[in-house]
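> Submitted below is the structure of interest, expressed as structure tokens.
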Amino acid sequence: MDVPEEIVALARRARRVTVLTGAGMSAESGVATFRDAQTGLWARFDPAQLATADAFRRDPALVFGWYAWRYAQARSVAPNAGHRALADWARIAEVRIVTQNVDDLHERAGSTVLAHLHGSLAAFRCFACDRPYAGPVPDAAGADGRVEPPRCAACGGPVRPGVVWFGEALPARAFADGVQACRDADLVLVVGTSGLVYPAAGLPEVAAAEGVPTVELNPEPTPLSRKVDHTWRTTAAVGLPALVAALAR
Ligand code: BV8
Ligand code: ZN
């Protein structure tokens, strides 16, 4: 796989690289992206309709069942060559990962993640009192995929996934760290995101406003494609390993 020369040159010079990743980063691990057709059971739901507090209030077992299924799926897959390439790159440069993903595949590939902008599938907490829930996550779904959420030991409230739902504020610290990591980088890579969900989608523009070179890795064009300096039609598990290998040459 030949890497565009100008991208290799930028990566060679970069001492501090910020990588903004979205669902496309996990696609080659077998995790359906957010806007691809949801497989099987979830084909008939629009994910954005399920990823809200209102949906949880209306039908907690349906929403909890969706997340229990995604939590089990995330644990059943493995990091891909793209996740591993970022962990390798961190041996020769400072690589800060700012992800919209709620899986832990970057961590399982050996990376530390600076910011999970949209929270984490593994961080369950009480919907009523916010206390963290560390008990077992039931995944015995009924035929319709519904799973009754466990109850909070302290207040009896229903347990929710520790992800950021639409209409909810992003964790302030994670977002602030993401903004800073775009401001003071030598290079920002945007990998596998459709650039539709704000405020995360605004981060590449934060970098561009500071004159930081920006590169998008995505097999498809996105609204970000015309806002970045270079867009490379490749995938995470093909492009990232090729780029990191080119640095070693
Ligand atoms: C907030 C967690 C305010 C849950 C998620 C109108 C206009 C503008 C904004 C809004 C609006 N109406 C509402 C809003 C705000 C809203 C928003 O932006 N909506 C959009 C849809 C218009 N944003 C919010 O609500 C945010 N909160 O604004 O709060 C506020 C402020 C203060 C106080 C109170 C409230 C919260 C947004 C977070 C929502 N939670 N996830 C869960 O996971 O269930 S977002 C969800 O979409 C996912 O987490 C994902 O991270 C995110 C973005 O998706 P992508 O990662 O980009 O994935 P997608 O499938 O879309 O694209 C995949 C890409 O990969 C594609 O481009 C594809 O080509 C590419 N690809 C595929 N295969 C590969 C690949 N790339 C590389 N390699 C491959 N192999
Ligand atoms: Zn509680």
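Here, A, B, ... name the chains of the structure tokens in the order displayed, residue numbers run from 1 inside each chain, and ligands are numbered from 1 in the same displayed order.
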Can you pull out every residue within 6 Å of Thr21 (chain A), counting only C-alpha atoms, but drop anything in the same chain fewer than 4 positions away, and send it as a list in words?
Thr99, Val191 and Gly192 of chain A
> Those residues with C-alpha atoms, as a compact mmCIF listing (two decimals), in the first residue's frame please?

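New file again_6.txt:
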# COMPACT_ATOMS: atom_id res chain seq x y z
CA THR A 99 -12.11 8.95 20.40
CA VAL A 191 -9.88 8.36 11.23
CA GLY A 192 -13.24 6.70 10.56
> Please identify every polymer residue within 12 Å of ligand 2, using only C-alpha atoms and all ligand atoms, and present the set as a compact mmCIF listing (two decimals) with C-alpha atoms, in the first residue's frame.

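What landed in out21.txt:
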# COMPACT_ATOMS: atom_id res chain seq x y z
CA PHE A 124 -22.45 1.58 33.76
CA ARG A 125 -24.02 3.93 36.31
CA CYS A 126 -27.34 4.62 38.02
CA PHE A 127 -29.78 6.62 35.86
CA ALA A 128 -31.30 8.20 38.98
CA CYS A 129 -28.39 8.94 41.34
CA ASP A 130 -25.36 8.61 39.00
CA ARG A 131 -23.56 6.17 41.32
CA PRO A 132 -21.24 3.88 39.33
CA TYR A 133 -22.60 0.34 38.94
CA PRO A 150 -30.10 -4.00 36.89
CA ARG A 151 -31.05 -1.84 39.87
CA CYS A 152 -28.78 0.57 41.75
CA ALA A 153 -27.89 -0.89 45.19
CA ALA A 154 -28.08 2.56 46.79
CA CYS A 155 -31.34 3.98 45.44
CA GLY A 156 -33.01 1.23 43.43
CA GLY A 157 -32.84 3.31 40.24
CA PRO A 158 -32.33 1.64 36.86
CA VAL A 159 -28.73 1.24 35.65
CA ARG A 160 -27.77 2.96 32.37
> For each of A:Gly65, A:Ser194, A:Gly110, A:Thr214, take the minimum atom-to-atom distance to Ala90 (chain A), counting only C-alpha atoms, then give the residue where this is smallest.
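Nearest to Ala90 (chain A): A:Gly110.
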> Would you mind reading off the distance between CA of Val190 (chain A) and atom 29 (O, counted along the ligand's line) of ligand 1, one decimal, in Å?
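We find that CA of Val190 (chain A) and atom 29 (O, counted along the ligand's line) of ligand 1 lie 21.4 Å from each other.
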> From the options A:Ala237, A:Tyr67, A:Tyr198, A:Arg91, which residue's atoms come nearest to Ala169 (chain A), counting only C-alpha atoms?
A:Tyr198
> Based on the backbone DSSP call, show me all residues of region 16-245 of chain A assigned strand (DSSP E or B), as number ranges by chain.
A: 16-21, 94-99, 113-116, 119-126, 132, 151, 158-163, 187-191, 214-217, 230-232
> Find the residues near Pro223 (chain A): any atom within 12 Å, counting only C-alpha atoms, skip ones fewer than 6 places away on the same chain, and give them as a ChimeraX atom specification.
/A:193-197,201-202,204-205,216,231
> Which of these residues is nearest to ligand 1, using only C-alpha atoms and all ligand atoms: A:Thr18, A:Gln180, A:Ser111, A:Ser225?
A:Ser225
> So that I can see what lies close to Leu243 (chain A), please list as a PDB file with N, CA, C and O atoms, in the first residue's frame the residues with an atom at most 9 Å from it, counting only C-alpha atoms and leaving out residues fewer than 5 positions away in the same chain.

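The file below, selection-v8.pdb, is the result:
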ATOM      1  N   MET A   1       0.875  -1.188   0.000  1.00  0.00           N
ATOM      2  CA  MET A   1       0.000   0.000   0.000  1.00  0.00           C
ATOM      3  C   MET A   1       0.906   1.230   0.000  1.00  0.00           C
ATOM      4  O   MET A   1       1.654   1.457   0.935  1.00  0.00           O
ATOM      5  N   ASP A   2       0.882   2.031  -1.092  1.00  0.00           N
ATOM      6  CA  ASP A   2       1.760   3.213  -1.027  1.00  0.00           C
ATOM      7  C   ASP A   2       0.988   4.358  -0.388  1.00  0.00           C
ATOM      8  O   ASP A   2      -0.155   4.647  -0.729  1.00  0.00           O
ATOM      9  N   VAL A   3       1.680   4.977   0.559  1.00  0.00           N
ATOM     10  CA  VAL A   3       1.093   6.069   1.335  1.00  0.00           C
ATOM     11  C   VAL A   3       1.381   7.375   0.607  1.00  0.00           C
ATOM     12  O   VAL A   3       2.519   7.579   0.150  1.00  0.00           O
ATOM     13  N   PRO A   4       0.394   8.269   0.460  1.00  0.00           N
ATOM     14  CA  PRO A   4       0.663   9.550  -0.209  1.00  0.00           C
ATOM     15  C   PRO A   4       1.875  10.245   0.409  1.00  0.00           C
ATOM     16  O   PRO A   4       1.973  10.366   1.637  1.00  0.00           O
ATOM     17  N   ILE A   7       1.615  12.882   3.062  1.00  0.00           N
ATOM     18  CA  ILE A   7       1.154  12.427   4.390  1.00  0.00           C
ATOM     19  C   ILE A   7       2.319  11.797   5.147  1.00  0.00           C
ATOM     20  O   ILE A   7       2.525  12.052   6.340  1.00  0.00           O
ATOM     21  N   VAL A   8       3.161  11.041   4.427  1.00  0.00           N
ATOM     22  CA  VAL A   8       4.352  10.461   5.087  1.00  0.00           C
ATOM     23  C   VAL A   8       5.246  11.585   5.594  1.00  0.00           C
ATOM     24  O   VAL A   8       5.734  11.564   6.725  1.00  0.00           O
ATOM     25  N   ALA A  11       3.868  13.076   8.707  1.00  0.00           N
ATOM     26  CA  ALA A  11       3.961  12.147   9.845  1.00  0.00           C
ATOM     27  C   ALA A  11       5.400  12.013  10.320  1.00  0.00           C
ATOM     28  O   ALA A  11       5.675  11.916  11.513  1.00  0.00           O
ATOM     29  N   ALA A  85      -1.378  -0.293  15.059  1.00  0.00           N
ATOM     30  CA  ALA A  85      -0.425   0.646  14.423  1.00  0.00           C
ATOM     31  C   ALA A  85      -0.313   1.918  15.260  1.00  0.00           C
ATOM     32  O   ALA A  85       0.784   2.466  15.459  1.00  0.00           O
ATOM     33  N   VAL A 238      -5.859  -0.694   7.060  1.00  0.00           N
ATOM     34  CA  VAL A 238      -4.920  -0.758   5.927  1.00  0.00           C
ATOM     35  C   VAL A 238      -4.009   0.468   5.948  1.00  0.00           C
ATOM     36  O   VAL A 238      -2.780   0.360   5.913  1.00  0.00           O
TER      37      VAL A 238
END
> Just the number, please: distance in Å from atom 29 (O, counted along the ligand's line) of ligand 1 to CA of Gly22 (chain A), one decimal.
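Separation between atom 29 (O, counted along the ligand's line) of ligand 1 and CA of Gly22 (chain A): 17.7 Å.
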> So which one's closest to ligand 1, A:Ala74, A:Ala207, A:Val95, A:Val163? Using only C-alpha atoms and all ligand atoms, please.
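For ligand 1, the nearest of the given residues is A:Val163.
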> Quick one: DSSP alpha helix (DSSP H) residues in region 3-243 of chain A, as a ChimeraX atom specification?
/A:5-13,24-27,47-50,53-58,60-76,81-89,105-108,172-183,203-209,236-243
> Give the answer as one residue: which of A:Ala174, A:Ala122, A:Leu114, A:Ala48 has the shortest atom-to-atom distance to Val17 (chain A), using only C-alpha atoms?
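Closest to Val17 (chain A) of all the choices is A:Leu114.
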